[in-house]
Amino acid sequence: MRPVSRVLTALAGKGLLLKQDKALPNVVGILTGESLRTSWWSHPKAHLIFAVLSELADHPDVLFTKLLHHKDTLVHRSLWPAVLAVGTARDQWQLQGLSGEAKRLLERLGRGGGPVRAVGAPVKELETRVLVTTQEIHTASGRHEMALESWHAWSRRVGCSASQSVPRARKALEEAAATLGAPLKALPWPARGAAA
């Protein structure tokens, strides 16, 4: 089985996979057969890992987002409606304490248009609160930037609808996290019963 096919099979079965993690199922572990405690960039299979991750980033059934432990998490298409419902909810945990710069960036994305390129702390704030979807791009000058896209623009582009209520969407993602072996606290929202 091709390496990318092995990852896609695992992702389809679990719904979620981390890019890299010491304990939970992840892409790097599937490709190397080991749990790395350091960056995969120095591993002998780094070129393979990069090629597979690049192919997955363009795959029509894969979404990368910062869902578990604020790390790159691959989400299978079957869970996209749940991610979309959570991402567009604008719950208290997503907005409370958001910096002014992150708020301005979110408002700019909300006005429409194409993806917005940005870097830095405001991008991380929006990513870890699941307020936007992002894609890393390499500029002609060799810099790394993030292309941020609103969930509404993303949903139109990929043809996804948030068909679930937010509580049901969160439950679906919690169940997928549990299937992966991740605790509920790995997800960015407060545990059930806490203010949302």
# chains A, B, ... in the order shown; residues from 1 in each chain; ligands from 1
call {"tool": "residues_around", "arguments": {"residues": "range 133-149 of chain A", "least_positions_apart": "4", "cutoff": "6 Å", "atoms": "only C-alpha atoms", "output": "list in words"}}
result
Pro115, Val116, Arg117, Ala118 and Val119 of chain A
call {"tool": "select_by_dssp", "arguments": {"residues": "chain A", "states": "strand (DSSP E or B)", "output": "PyMOL selection string"}}
result
chain A and resi 16-18+26+62-68+71-76+116-118+133-138+144-149
call {"tool": "write_last_selection", "arguments": {"atoms": "C-alpha atoms", "output": "mmCIF file, in the first residue's frame"}}
result
data_model
loop_
_atom_site.group_PDB
_atom_site.id
_atom_site.type_symbol
_atom_site.label_atom_id
_atom_site.label_comp_id
_atom_site.auth_asym_id
_atom_site.auth_seq_id
_atom_site.Cartn_x
_atom_site.Cartn_y
_atom_site.Cartn_z
ATOM 1 C CA LEU A 16 -8.898 12.489 13.079
ATOM 2 C CA LEU A 17 -5.109 12.085 13.054
ATOM 3 C CA LEU A 18 -2.400 14.324 14.414
ATOM 4 C CA ASN A 26 -0.233 10.345 13.856
ATOM 5 C CA VAL A 62 -8.457 15.983 4.148
ATOM 6 C CA LEU A 63 -8.628 19.198 6.157
ATOM 7 C CA PHE A 64 -5.729 20.386 8.317
ATOM 8 C CA THR A 65 -6.708 22.419 11.388
ATOM 9 C CA LYS A 66 -5.427 23.032 14.934
ATOM 10 C CA LEU A 67 -7.995 20.879 16.719
ATOM 11 C CA LEU A 68 -6.226 18.537 19.161
ATOM 12 C CA LYS A 71 -1.449 20.887 16.970
ATOM 13 C CA ASP A 72 -1.899 20.213 13.272
ATOM 14 C CA THR A 73 -4.783 17.757 13.094
ATOM 15 C CA LEU A 74 -5.985 16.046 9.941
ATOM 16 C CA VAL A 75 -9.777 15.847 9.743
ATOM 17 C CA HIS A 76 -11.538 13.412 7.437
ATOM 18 C CA VAL A 116 -5.613 36.744 3.668
ATOM 19 C CA ARG A 117 -1.895 36.229 4.168
ATOM 20 C CA ALA A 118 -0.589 36.836 7.666
ATOM 21 C CA THR A 133 -8.902 27.652 8.379
ATOM 22 C CA THR A 134 -5.302 28.114 7.327
ATOM 23 C CA GLN A 135 -2.828 26.797 4.826
ATOM 24 C CA GLU A 136 0.926 27.293 4.996
ATOM 25 C CA ILE A 137 2.433 28.781 1.869
ATOM 26 C CA HIS A 138 6.022 29.350 0.853
ATOM 27 C CA HIS A 144 6.622 30.962 5.282
ATOM 28 C CA GLU A 145 3.242 32.661 5.578
ATOM 29 C CA MET A 146 -0.216 31.482 6.424
ATOM 30 C CA ALA A 147 -3.155 31.958 4.085
ATOM 31 C CA LEU A 148 -6.201 32.437 6.311
ATOM 32 C CA GLU A 149 -9.688 31.752 5.025
#
call {"tool": "closest_residue", "arguments": {"among": "A:Ala89, A:Leu24, A:Ala57, A:Ile30", "to": "Leu180 in chain A", "atoms": "only C-alpha atoms"}}
result
A:Leu24
call {"tool": "atom_distance", "arguments": {"atom1": "CA of Gly100 in chain A", "atom2": "CA of Leu131 in chain A"}}
result
14.6 Å
call {"tool": "atom_distance", "arguments": {"atom1": "CA of Ala23 in chain A", "atom2": "CA of Ala46 in chain A"}}
result
19.5 Å
call {"tool": "closest_residue", "arguments": {"among": "A:Leu36, A:Ala177, A:Val7, A:Ala153", "to": "Gly112 in chain A", "atoms": "only C-alpha atoms"}}
result
A:Ala153
call {"tool": "atom_distance", "arguments": {"atom1": "CA of His70 in chain A", "atom2": "CA of Pro188 in chain A"}}
result
7.4 Å
call {"tool": "closest_residue", "arguments": {"among": "A:Ser161, A:Gln20, A:Ser99, A:Thr88", "to": "Glu34 in chain A", "atoms": "only C-alpha atoms"}}
result
A:Gln20
call {"tool": "decode", "arguments": {"residues": "range 103-146 of chain A", "atoms": "C-alpha atoms", "output": "compact mmCIF listing (two decimals), in the first residue's frame"}}
result
# COMPACT_ATOMS: atom_id res chain seq x y z
CA LYS A 103 -10.24 40.59 16.02
CA ARG A 104 -9.32 42.92 13.16
CA LEU A 105 -7.97 40.01 11.13
CA LEU A 106 -11.17 38.02 11.77
CA GLU A 107 -13.32 41.02 10.74
CA ARG A 108 -11.27 41.44 7.58
CA LEU A 109 -11.86 37.78 6.70
CA GLY A 110 -15.56 38.20 7.45
CA ARG A 111 -15.88 40.93 4.83
CA GLY A 112 -15.26 38.35 2.12
CA GLY A 113 -12.81 38.14 -0.66
CA GLY A 114 -10.02 35.64 -0.97
CA PRO A 115 -7.67 34.27 1.63
CA VAL A 116 -5.61 36.74 3.67
CA ARG A 117 -1.90 36.23 4.17
CA ALA A 118 -0.59 36.84 7.67
CA VAL A 119 1.94 35.61 10.23
CA GLY A 120 2.45 35.80 13.96
CA ALA A 121 0.50 35.57 17.19
CA PRO A 122 -2.89 36.72 15.82
CA VAL A 123 -2.85 33.86 13.32
CA LYS A 124 -2.15 31.35 16.09
CA GLU A 125 -4.96 32.83 18.19
CA LEU A 126 -7.48 32.39 15.39
CA GLU A 127 -6.21 28.89 14.51
CA THR A 128 -6.27 27.49 18.04
CA ARG A 129 -9.79 28.84 18.61
CA VAL A 130 -10.92 27.18 15.35
CA LEU A 131 -12.09 30.57 14.04
CA VAL A 132 -10.43 30.23 10.62
CA THR A 133 -8.90 27.65 8.38
CA THR A 134 -5.30 28.11 7.33
CA GLN A 135 -2.83 26.80 4.83
CA GLU A 136 0.93 27.29 5.00
CA ILE A 137 2.43 28.78 1.87
CA HIS A 138 6.02 29.35 0.85
CA THR A 139 6.61 32.71 -0.78
CA ALA A 140 8.97 33.28 -3.70
CA SER A 141 11.44 34.84 -1.25
CA GLY A 142 11.48 31.62 0.81
CA ARG A 143 9.38 32.99 3.69
CA HIS A 144 6.62 30.96 5.28
CA GLU A 145 3.24 32.66 5.58
CA MET A 146 -0.22 31.48 6.42
